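One file, model.txt, carrying compact mmCIF, N, CA and C atoms:
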```txt
# COMPACT_ATOMS: atom_id res chain seq x y z
N MET H 1 -3.72 3.53 -17.30
CA MET H 1 -4.81 2.58 -17.30
C MET H 1 -6.12 3.32 -17.08
N ALA H 2 -7.12 2.94 -17.84
CA ALA H 2 -8.40 3.63 -17.76
C ALA H 2 -9.18 3.23 -16.52
N ASP H 3 -9.14 1.99 -16.13
CA ASP H 3 -9.93 1.49 -15.00
C ASP H 3 -9.11 1.58 -13.71
N PRO H 4 -9.49 2.49 -12.79
CA PRO H 4 -8.70 2.63 -11.56
C PRO H 4 -8.66 1.36 -10.71
N GLY H 5 -9.74 0.60 -10.71
CA GLY H 5 -9.76 -0.65 -9.96
C GLY H 5 -8.77 -1.65 -10.51
N ALA H 6 -8.70 -1.74 -11.84
CA ALA H 6 -7.75 -2.65 -12.49
C ALA H 6 -6.31 -2.20 -12.24
N ALA H 7 -6.08 -0.88 -12.27
CA ALA H 7 -4.74 -0.35 -12.02
C ALA H 7 -4.28 -0.69 -10.61
N LEU H 8 -5.16 -0.48 -9.65
CA LEU H 8 -4.82 -0.78 -8.26
C LEU H 8 -4.59 -2.27 -8.07
N ALA H 9 -5.45 -3.09 -8.66
CA ALA H 9 -5.30 -4.54 -8.56
C ALA H 9 -3.97 -4.98 -9.15
N GLU H 10 -3.61 -4.42 -10.28
CA GLU H 10 -2.34 -4.77 -10.93
C GLU H 10 -1.15 -4.36 -10.07
N ARG H 11 -1.21 -3.19 -9.47
CA ARG H 11 -0.11 -2.73 -8.62
C ARG H 11 0.04 -3.61 -7.39
N LEU H 12 -1.07 -3.97 -6.78
CA LEU H 12 -1.00 -4.83 -5.60
C LEU H 12 -0.51 -6.23 -5.96
N ALA H 13 -0.96 -6.75 -7.08
CA ALA H 13 -0.47 -8.06 -7.53
C ALA H 13 1.03 -8.01 -7.79
N TRP H 14 1.50 -6.91 -8.38
CA TRP H 14 2.93 -6.76 -8.63
C TRP H 14 3.71 -6.70 -7.32
N LEU H 15 3.19 -5.99 -6.34
CA LEU H 15 3.86 -5.93 -5.04
C LEU H 15 3.94 -7.31 -4.39
N ARG H 16 2.87 -8.06 -4.47
CA ARG H 16 2.88 -9.42 -3.89
C ARG H 16 3.95 -10.28 -4.54
N GLU H 17 4.08 -10.20 -5.85
CA GLU H 17 5.07 -11.00 -6.58
C GLU H 17 6.49 -10.48 -6.35
N SER H 18 6.63 -9.18 -6.32
CA SER H 18 7.96 -8.56 -6.27
C SER H 18 8.55 -8.46 -4.87
N PHE H 19 7.69 -8.46 -3.85
CA PHE H 19 8.15 -8.35 -2.47
C PHE H 19 7.57 -9.53 -1.68
N PRO H 20 8.07 -10.73 -1.97
CA PRO H 20 7.51 -11.93 -1.33
C PRO H 20 7.92 -12.05 0.14
N SER H 21 7.32 -13.01 0.79
CA SER H 21 7.65 -13.31 2.18
C SER H 21 9.10 -13.75 2.27
N PRO H 22 9.89 -13.17 3.15
CA PRO H 22 11.29 -13.59 3.28
C PRO H 22 11.41 -15.02 3.80
N GLU H 23 10.40 -15.48 4.53
CA GLU H 23 10.44 -16.84 5.07
C GLU H 23 10.25 -17.90 3.99
N THR H 24 9.34 -17.64 3.05
CA THR H 24 9.00 -18.66 2.05
C THR H 24 9.50 -18.33 0.66
N GLY H 25 9.76 -17.06 0.39
CA GLY H 25 10.13 -16.65 -0.95
C GLY H 25 8.94 -16.61 -1.90
N LYS H 26 7.75 -16.86 -1.35
CA LYS H 26 6.52 -16.85 -2.15
C LYS H 26 5.70 -15.62 -1.79
N PRO H 27 4.79 -15.22 -2.69
CA PRO H 27 3.93 -14.07 -2.37
C PRO H 27 3.17 -14.30 -1.07
N TYR H 28 2.99 -13.22 -0.33
CA TYR H 28 2.18 -13.31 0.89
C TYR H 28 0.77 -13.74 0.52
N ASP H 29 0.18 -14.58 1.35
CA ASP H 29 -1.21 -14.95 1.09
C ASP H 29 -2.13 -13.84 1.60
N VAL H 30 -3.34 -13.86 1.08
CA VAL H 30 -4.30 -12.80 1.39
C VAL H 30 -4.60 -12.74 2.88
N LYS H 31 -4.69 -13.88 3.53
CA LYS H 31 -4.98 -13.92 4.97
C LYS H 31 -3.89 -13.19 5.76
N THR H 32 -2.64 -13.40 5.41
CA THR H 32 -1.52 -12.75 6.10
C THR H 32 -1.55 -11.24 5.91
N ILE H 33 -1.79 -10.82 4.66
CA ILE H 33 -1.84 -9.38 4.37
C ILE H 33 -3.00 -8.74 5.11
N ALA H 34 -4.16 -9.39 5.07
CA ALA H 34 -5.34 -8.84 5.74
C ALA H 34 -5.10 -8.69 7.24
N ALA H 35 -4.54 -9.71 7.86
CA ALA H 35 -4.28 -9.66 9.30
C ALA H 35 -3.29 -8.55 9.65
N ALA H 36 -2.26 -8.40 8.85
CA ALA H 36 -1.22 -7.40 9.14
C ALA H 36 -1.68 -5.97 8.88
N THR H 37 -2.63 -5.80 7.97
CA THR H 37 -3.07 -4.46 7.60
C THR H 37 -4.37 -4.04 8.28
N GLY H 38 -5.03 -4.99 8.95
CA GLY H 38 -6.30 -4.67 9.58
C GLY H 38 -7.46 -4.63 8.61
N MET H 39 -7.25 -5.11 7.40
CA MET H 39 -8.31 -5.15 6.40
C MET H 39 -9.03 -6.49 6.50
N SER H 40 -10.26 -6.50 6.04
CA SER H 40 -10.95 -7.78 5.97
C SER H 40 -10.45 -8.53 4.74
N ILE H 41 -10.57 -9.83 4.78
CA ILE H 41 -10.16 -10.66 3.65
C ILE H 41 -11.00 -10.31 2.43
N SER H 42 -12.29 -10.08 2.64
CA SER H 42 -13.16 -9.76 1.51
C SER H 42 -12.78 -8.41 0.88
N GLN H 43 -12.43 -7.44 1.70
CA GLN H 43 -12.01 -6.13 1.17
C GLN H 43 -10.74 -6.29 0.35
N LEU H 44 -9.81 -7.09 0.84
CA LEU H 44 -8.56 -7.31 0.12
C LEU H 44 -8.81 -8.04 -1.19
N TYR H 45 -9.69 -9.03 -1.19
CA TYR H 45 -10.04 -9.72 -2.44
C TYR H 45 -10.69 -8.76 -3.44
N LYS H 46 -11.50 -7.83 -2.95
CA LYS H 46 -12.11 -6.84 -3.84
C LYS H 46 -11.05 -5.97 -4.49
N ILE H 47 -10.04 -5.59 -3.73
CA ILE H 47 -8.95 -4.79 -4.30
C ILE H 47 -8.18 -5.62 -5.33
N LEU H 48 -7.86 -6.85 -4.98
CA LEU H 48 -7.10 -7.73 -5.88
C LEU H 48 -7.86 -8.06 -7.16
N SER H 49 -9.17 -8.06 -7.10
CA SER H 49 -9.97 -8.38 -8.28
C SER H 49 -10.31 -7.15 -9.11
N GLY H 50 -10.00 -5.96 -8.57
CA GLY H 50 -10.32 -4.73 -9.28
C GLY H 50 -11.69 -4.19 -8.99
N GLU H 51 -12.42 -4.83 -8.09
CA GLU H 51 -13.78 -4.40 -7.76
C GLU H 51 -13.79 -3.17 -6.85
N SER H 52 -12.67 -2.87 -6.22
CA SER H 52 -12.61 -1.76 -5.28
C SER H 52 -11.56 -0.76 -5.75
N PRO H 53 -11.95 0.18 -6.62
CA PRO H 53 -10.99 1.11 -7.18
C PRO H 53 -10.51 2.18 -6.20
N ASN H 54 -11.25 2.38 -5.12
CA ASN H 54 -10.90 3.43 -4.18
C ASN H 54 -11.11 2.92 -2.75
N PRO H 55 -10.17 2.10 -2.26
CA PRO H 55 -10.39 1.47 -0.96
C PRO H 55 -10.22 2.39 0.24
N GLY H 56 -9.75 3.56 0.05
CA GLY H 56 -9.56 4.48 1.16
C GLY H 56 -8.09 4.62 1.52
N TRP H 57 -7.78 5.82 1.94
CA TRP H 57 -6.40 6.17 2.25
C TRP H 57 -5.80 5.27 3.32
N GLN H 58 -6.56 4.94 4.37
CA GLN H 58 -6.03 4.13 5.46
C GLN H 58 -5.63 2.73 4.99
N HIS H 59 -6.40 2.17 4.04
CA HIS H 59 -6.06 0.85 3.52
C HIS H 59 -4.82 0.90 2.64
N LEU H 60 -4.73 1.93 1.80
CA LEU H 60 -3.55 2.07 0.96
C LEU H 60 -2.30 2.32 1.81
N LYS H 61 -2.46 3.11 2.85
CA LYS H 61 -1.33 3.38 3.74
C LYS H 61 -0.88 2.08 4.43
N ALA H 62 -1.84 1.27 4.86
CA ALA H 62 -1.51 0.00 5.52
C ALA H 62 -0.83 -0.96 4.54
N LEU H 63 -1.30 -1.00 3.29
CA LEU H 63 -0.68 -1.87 2.29
C LEU H 63 0.74 -1.40 1.96
N ALA H 64 0.92 -0.10 1.83
CA ALA H 64 2.26 0.44 1.55
C ALA H 64 3.21 0.11 2.70
N ALA H 65 2.75 0.26 3.93
CA ALA H 65 3.59 -0.06 5.09
C ALA H 65 3.91 -1.55 5.13
N PHE H 66 2.93 -2.39 4.83
CA PHE H 66 3.15 -3.83 4.85
C PHE H 66 4.26 -4.23 3.88
N PHE H 67 4.22 -3.67 2.66
CA PHE H 67 5.22 -4.03 1.66
C PHE H 67 6.49 -3.19 1.74
N GLY H 68 6.48 -2.20 2.63
CA GLY H 68 7.67 -1.37 2.81
C GLY H 68 7.94 -0.45 1.63
N VAL H 69 6.87 0.05 1.01
CA VAL H 69 7.01 0.93 -0.14
C VAL H 69 6.33 2.26 0.17
N PRO H 70 6.68 3.31 -0.55
CA PRO H 70 6.01 4.60 -0.33
C PRO H 70 4.54 4.52 -0.70
N LEU H 71 3.73 5.28 -0.02
CA LEU H 71 2.29 5.35 -0.31
C LEU H 71 2.06 5.78 -1.76
N ASP H 72 2.94 6.60 -2.29
CA ASP H 72 2.80 7.08 -3.66
C ASP H 72 2.91 5.97 -4.70
N THR H 73 3.28 4.77 -4.28
CA THR H 73 3.32 3.63 -5.19
C THR H 73 1.95 3.41 -5.82
N PHE H 74 0.90 3.76 -5.12
CA PHE H 74 -0.46 3.54 -5.60
C PHE H 74 -1.02 4.74 -6.37
N ASP H 75 -0.27 5.83 -6.43
CA ASP H 75 -0.73 7.06 -7.06
C ASP H 75 -0.74 6.92 -8.59
N ASN H 76 -1.75 7.48 -9.23
CA ASN H 76 -1.86 7.43 -10.69
C ASN H 76 -1.08 8.54 -11.39
N SER H 77 -0.43 9.39 -10.64
CA SER H 77 0.28 10.53 -11.22
C SER H 77 1.62 10.12 -11.82
N GLU H 78 2.27 11.10 -12.44
CA GLU H 78 3.61 10.90 -12.98
C GLU H 78 4.58 10.55 -11.85
N HIS H 79 4.38 11.17 -10.70
CA HIS H 79 5.23 10.86 -9.53
C HIS H 79 5.07 9.39 -9.14
N GLY H 80 3.84 8.89 -9.14
CA GLY H 80 3.61 7.48 -8.84
C GLY H 80 4.30 6.57 -9.84
N GLU H 81 4.29 6.96 -11.10
CA GLU H 81 4.98 6.17 -12.13
C GLU H 81 6.48 6.14 -11.85
N LYS H 82 7.02 7.27 -11.42
CA LYS H 82 8.45 7.35 -11.11
C LYS H 82 8.79 6.43 -9.93
N ILE H 83 7.95 6.44 -8.91
CA ILE H 83 8.16 5.58 -7.74
C ILE H 83 8.13 4.11 -8.16
N ARG H 84 7.14 3.74 -8.98
CA ARG H 84 7.04 2.35 -9.44
C ARG H 84 8.25 1.95 -10.28
N ALA H 85 8.76 2.88 -11.08
CA ALA H 85 9.96 2.59 -11.88
C ALA H 85 11.16 2.35 -10.97
N GLN H 86 11.28 3.14 -9.92
CA GLN H 86 12.37 2.96 -8.97
C GLN H 86 12.24 1.62 -8.24
N LEU H 87 11.03 1.26 -7.88
CA LEU H 87 10.82 -0.03 -7.22
C LEU H 87 11.15 -1.18 -8.17
N ALA H 88 10.79 -1.04 -9.43
CA ALA H 88 11.11 -2.07 -10.42
C ALA H 88 12.63 -2.23 -10.55
N THR H 89 13.34 -1.11 -10.50
CA THR H 89 14.81 -1.16 -10.54
C THR H 89 15.34 -1.89 -9.32
N LEU H 90 14.77 -1.61 -8.15
CA LEU H 90 15.17 -2.30 -6.93
C LEU H 90 14.96 -3.81 -7.07
N VAL H 91 13.82 -4.20 -7.60
CA VAL H 91 13.52 -5.62 -7.77
C VAL H 91 14.53 -6.26 -8.72
N GLU H 92 14.86 -5.57 -9.80
CA GLU H 92 15.86 -6.09 -10.74
C GLU H 92 17.23 -6.23 -10.09
N LEU H 93 17.62 -5.22 -9.33
CA LEU H 93 18.92 -5.29 -8.64
C LEU H 93 18.94 -6.41 -7.61
N ARG H 94 17.84 -6.59 -6.91
CA ARG H 94 17.75 -7.68 -5.94
C ARG H 94 17.88 -9.03 -6.63
N ALA H 95 17.23 -9.16 -7.78
CA ALA H 95 17.31 -10.41 -8.55
C ALA H 95 18.75 -10.68 -8.99
N LEU H 96 19.45 -9.64 -9.41
CA LEU H 96 20.85 -9.81 -9.79
C LEU H 96 21.68 -10.28 -8.60
N LYS H 97 21.45 -9.66 -7.45
CA LYS H 97 22.19 -10.04 -6.25
C LYS H 97 21.91 -11.49 -5.88
N GLU H 98 20.63 -11.87 -5.97
CA GLU H 98 20.26 -13.25 -5.63
C GLU H 98 20.87 -14.26 -6.59
N GLU H 99 21.18 -13.80 -7.80
CA GLU H 99 21.82 -14.67 -8.78
C GLU H 99 23.33 -14.70 -8.60
N GLY H 100 23.83 -14.04 -7.57
CA GLY H 100 25.25 -14.08 -7.27
C GLY H 100 26.03 -12.86 -7.75
N VAL H 101 25.36 -11.90 -8.33
CA VAL H 101 26.04 -10.70 -8.78
C VAL H 101 26.03 -9.70 -7.62
N GLU H 102 27.21 -9.36 -7.14
CA GLU H 102 27.29 -8.47 -5.99
C GLU H 102 27.33 -6.99 -6.37
N SER H 103 27.70 -6.68 -7.58
CA SER H 103 27.71 -5.29 -7.99
C SER H 103 27.32 -5.19 -9.45
N VAL H 104 26.81 -4.07 -9.80
CA VAL H 104 26.41 -3.82 -11.17
C VAL H 104 27.43 -2.90 -11.80
N SER H 105 27.99 -3.31 -12.91
CA SER H 105 28.99 -2.51 -13.60
C SER H 105 28.33 -1.33 -14.28
N LEU H 106 28.88 -0.18 -14.09
CA LEU H 106 28.36 1.02 -14.73
C LEU H 106 29.14 1.34 -16.01
N ARG H 107 30.08 0.47 -16.36
CA ARG H 107 30.87 0.66 -17.57
C ARG H 107 29.95 0.70 -18.78
N GLY H 108 30.24 1.62 -19.69
CA GLY H 108 29.47 1.72 -20.92
C GLY H 108 28.25 2.62 -20.81
N LEU H 109 27.96 3.08 -19.61
CA LEU H 109 26.84 3.99 -19.42
C LEU H 109 27.33 5.43 -19.48
N THR H 110 26.44 6.32 -19.85
CA THR H 110 26.79 7.73 -19.81
C THR H 110 26.87 8.16 -18.34
N VAL H 111 27.47 9.30 -18.11
CA VAL H 111 27.56 9.82 -16.74
C VAL H 111 26.16 10.02 -16.17
N ALA H 112 25.25 10.53 -16.99
CA ALA H 112 23.88 10.76 -16.52
C ALA H 112 23.19 9.45 -16.16
N GLN H 113 23.39 8.41 -16.96
CA GLN H 113 22.78 7.11 -16.67
C GLN H 113 23.35 6.52 -15.38
N ALA H 114 24.67 6.59 -15.21
CA ALA H 114 25.30 6.08 -13.99
C ALA H 114 24.81 6.85 -12.77
N ASP H 115 24.70 8.16 -12.91
CA ASP H 115 24.20 8.98 -11.79
C ASP H 115 22.75 8.63 -11.47
N ARG H 116 21.94 8.32 -12.50
CA ARG H 116 20.55 7.94 -12.27
C ARG H 116 20.48 6.64 -11.47
N ILE H 117 21.31 5.68 -11.83
CA ILE H 117 21.31 4.40 -11.10
C ILE H 117 21.75 4.62 -9.66
N ARG H 118 22.80 5.41 -9.47
CA ARG H 118 23.25 5.70 -8.10
C ARG H 118 22.15 6.40 -7.31
N GLY H 119 21.44 7.33 -7.95
CA GLY H 119 20.36 8.06 -7.29
C GLY H 119 19.21 7.16 -6.89
N VAL H 120 18.83 6.24 -7.78
CA VAL H 120 17.76 5.30 -7.47
C VAL H 120 18.15 4.42 -6.30
N VAL H 121 19.37 3.91 -6.32
CA VAL H 121 19.83 3.05 -5.22
C VAL H 121 19.83 3.83 -3.91
N GLU H 122 20.30 5.06 -3.95
CA GLU H 122 20.33 5.87 -2.72
C GLU H 122 18.92 6.19 -2.24
N ASP H 123 18.00 6.52 -3.16
CA ASP H 123 16.60 6.77 -2.78
C ASP H 123 15.98 5.55 -2.13
N LEU H 124 16.26 4.40 -2.68
CA LEU H 124 15.70 3.17 -2.14
C LEU H 124 16.28 2.84 -0.77
N ARG H 125 17.57 3.11 -0.59
CA ARG H 125 18.17 2.90 0.73
C ARG H 125 17.50 3.79 1.77
N ARG H 126 17.31 5.06 1.40
CA ARG H 126 16.66 6.00 2.33
C ARG H 126 15.24 5.55 2.64
N SER H 127 14.49 5.11 1.61
CA SER H 127 13.11 4.70 1.86
C SER H 127 13.06 3.43 2.70
N ASN H 128 14.02 2.55 2.55
CA ASN H 128 14.07 1.35 3.39
C ASN H 128 14.35 1.72 4.84
N ASN H 129 15.17 2.74 5.04
CA ASN H 129 15.51 3.16 6.41
C ASN H 129 14.34 3.86 7.09
N THR H 130 13.44 4.44 6.32
CA THR H 130 12.32 5.20 6.92
C THR H 130 11.00 4.48 6.82
N ALA H 131 10.96 3.33 6.16
CA ALA H 131 9.68 2.64 5.94
C ALA H 131 9.06 2.13 7.23
N GLY H 132 9.87 1.72 8.20
CA GLY H 132 9.32 1.21 9.45
C GLY H 132 8.48 -0.03 9.23
N ARG H 133 8.88 -0.83 8.32
CA ARG H 133 8.12 -2.02 7.94
C ARG H 133 8.14 -3.07 9.04
N ASP H 134 6.96 -3.53 9.36
CA ASP H 134 6.84 -4.61 10.35
C ASP H 134 6.68 -5.92 9.58
N GLU H 135 7.51 -6.84 9.84
CA GLU H 135 7.40 -8.16 9.21
C GLU H 135 6.34 -8.96 9.94
N PRO H 136 5.42 -9.58 9.17
CA PRO H 136 4.38 -10.39 9.82
C PRO H 136 4.97 -11.66 10.36
```
Can the structure in the file be given as structure tokens, please?
Amino acid sequence: MADPGAALAERLAWLRESFPSPETGKPYDVKTIAAATGMSISQLYKILSGESPNPGWQHLKALAAFFGVPLDTFDNSEHGEKIRAQLATLVELRALKEEGVESVSLRGLTVAQADRIRGVVEDLRRSNNTAGRDEP
């Protein structure tokens, strides 16, 4: 994405949709996120609207901690893209589980594909164990 503000806004909007409040199943409201991260509501709205392309490391760190994702989720690098792809896989797997599917069949996949899925799941388990996420 050419516009860093738009890229950041899109990533944060995706996190809100993909990692909703466990209590309501709906995206966290801006007031809740602001209170939990120590950001002002106006600063958070600026990020969500794309007006704030570079909110500062402390704000990104607080947002990553709030959603329980690695800070690199916000990175524009190839590594950041890899992290976002892994998170998208986690969201898809969670959706399958919520639909009543308890396991994903690896039948029909190559050994490399099956190993990639196992690796993503293991990476996500490790990141969940180290995220130290505080639920609001």
Between atom C of Asn129 of chain H and atom CA of Val111 of chain H, what is the distance in Å, rounded to a tenth?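 Answer for the atom C of Asn129 of chain H to atom CA of Val111 of chain H separation: 27.9 Å.
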Nearby residues (all atoms listed in the file) at most 8 Å from Leu124 of chain H, same-chain spacing under 6 positions excluded, as a PyMOL selection string: chain H and resi 86-87+90+118+130
Tell me, in Å to one decimal, how far atom CA of Ser49 of chain H is from atom CA of Glu23 of chain H.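 Separation of atom CA of Ser49 of chain H and atom CA of Glu23 of chain H: 25.8 Å.
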Mind pulling up the distance from atom N of Gln113 of chain H to atom CA of Phe67 of chain H? 28.8 Å
Please extract the residues of chain H with a backbone DSSP assignment of helix (DSSP H, G or I) and present them as an NGL selection string. :H and (4-18 or 30-37 or 41-49 or 57-67 or 71-74 or 78-98 or 111-130)
Residues within 8 Å of segment 29-33 of chain H, please, as a tab-separated table (two decimals) with N, CA and C atoms, keeping the file's coordinate frame. Count only N, CA and C atoms; anything in the same chain fewer than 4 positions from it doesn't count.
```
chain	number	residue	atom	x	y	z
H	16	ARG	N	2.87	-8.06	-4.47
H	16	ARG	CA	2.88	-9.42	-3.89
H	16	ARG	C	3.95	-10.28	-4.54
H	21	SER	N	7.32	-13.01	0.79
H	21	SER	CA	7.65	-13.31	2.18
H	21	SER	C	9.10	-13.75	2.27
H	37	THR	N	-2.63	-5.80	7.97
H	37	THR	CA	-3.07	-4.46	7.60
H	37	THR	C	-4.37	-4.04	8.28
H	38	GLY	N	-5.03	-4.99	8.95
H	38	GLY	CA	-6.30	-4.67	9.58
H	38	GLY	C	-7.46	-4.63	8.61
H	39	MET	N	-7.25	-5.11	7.40
H	39	MET	CA	-8.31	-5.15	6.40
H	39	MET	C	-9.03	-6.49	6.50
H	40	SER	N	-10.26	-6.50	6.04
H	40	SER	CA	-10.95	-7.78	5.97
H	40	SER	C	-10.45	-8.53	4.74
H	41	ILE	N	-10.57	-9.83	4.78
H	41	ILE	CA	-10.16	-10.66	3.65
H	41	ILE	C	-11.00	-10.31	2.43
H	44	LEU	N	-9.81	-7.09	0.84
H	44	LEU	CA	-8.56	-7.31	0.12
H	44	LEU	C	-8.81	-8.04	-1.19
H	45	TYR	N	-9.69	-9.03	-1.19
H	45	TYR	CA	-10.04	-9.72	-2.44
H	45	TYR	C	-10.69	-8.76	-3.44
H	63	LEU	N	-1.30	-1.00	3.29
H	63	LEU	CA	-0.68	-1.87	2.29
H	63	LEU	C	0.74	-1.40	1.96
H	66	PHE	N	2.93	-2.39	4.83
H	66	PHE	CA	3.15	-3.83	4.85
H	66	PHE	C	4.26	-4.23	3.88
H	136	PRO	N	5.42	-9.58	9.17
H	136	PRO	CA	4.38	-10.39	9.82
H	136	PRO	C	4.97	-11.66	10.36
```
Compile the contact shell of Leu71 of chain H as a PyMOL selection string: residues with an atom at most 8 Å away, counting all atoms listed in the file, same-chain residues fewer than 3 positions apart removed. chain H and resi 60-65+68+74-75+80
Let's have the selection written as an mmCIF file, keeping the file's coordinate frame, with N, CA and C atoms.
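Below you can see again39.cif, which holds the result:
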```
data_model
loop_
_atom_site.group_PDB
_atom_site.id
_atom_site.type_symbol
_atom_site.label_atom_id
_atom_site.label_comp_id
_atom_site.auth_asym_id
_atom_site.auth_seq_id
_atom_site.Cartn_x
_atom_site.Cartn_y
_atom_site.Cartn_z
ATOM 1 N N LEU H 60 -4.730 1.930 1.800
ATOM 2 C CA LEU H 60 -3.550 2.070 0.960
ATOM 3 C C LEU H 60 -2.300 2.320 1.810
ATOM 4 N N LYS H 61 -2.460 3.110 2.850
ATOM 5 C CA LYS H 61 -1.330 3.380 3.740
ATOM 6 C C LYS H 61 -0.880 2.080 4.430
ATOM 7 N N ALA H 62 -1.840 1.270 4.860
ATOM 8 C CA ALA H 62 -1.510 0.000 5.520
ATOM 9 C C ALA H 62 -0.830 -0.960 4.540
ATOM 10 N N LEU H 63 -1.300 -1.000 3.290
ATOM 11 C CA LEU H 63 -0.680 -1.870 2.290
ATOM 12 C C LEU H 63 0.740 -1.400 1.960
ATOM 13 N N ALA H 64 0.920 -0.100 1.830
ATOM 14 C CA ALA H 64 2.260 0.440 1.550
ATOM 15 C C ALA H 64 3.210 0.110 2.700
ATOM 16 N N ALA H 65 2.750 0.260 3.930
ATOM 17 C CA ALA H 65 3.590 -0.060 5.090
ATOM 18 C C ALA H 65 3.910 -1.550 5.130
ATOM 19 N N GLY H 68 6.480 -2.200 2.630
ATOM 20 C CA GLY H 68 7.670 -1.370 2.810
ATOM 21 C C GLY H 68 7.940 -0.450 1.630
ATOM 22 N N PHE H 74 0.900 3.760 -5.120
ATOM 23 C CA PHE H 74 -0.460 3.540 -5.600
ATOM 24 C C PHE H 74 -1.020 4.740 -6.370
ATOM 25 N N ASP H 75 -0.270 5.830 -6.430
ATOM 26 C CA ASP H 75 -0.730 7.060 -7.060
ATOM 27 C C ASP H 75 -0.740 6.920 -8.590
ATOM 28 N N GLY H 80 3.840 8.890 -9.140
ATOM 29 C CA GLY H 80 3.610 7.480 -8.840
ATOM 30 C C GLY H 80 4.300 6.570 -9.840
#
```
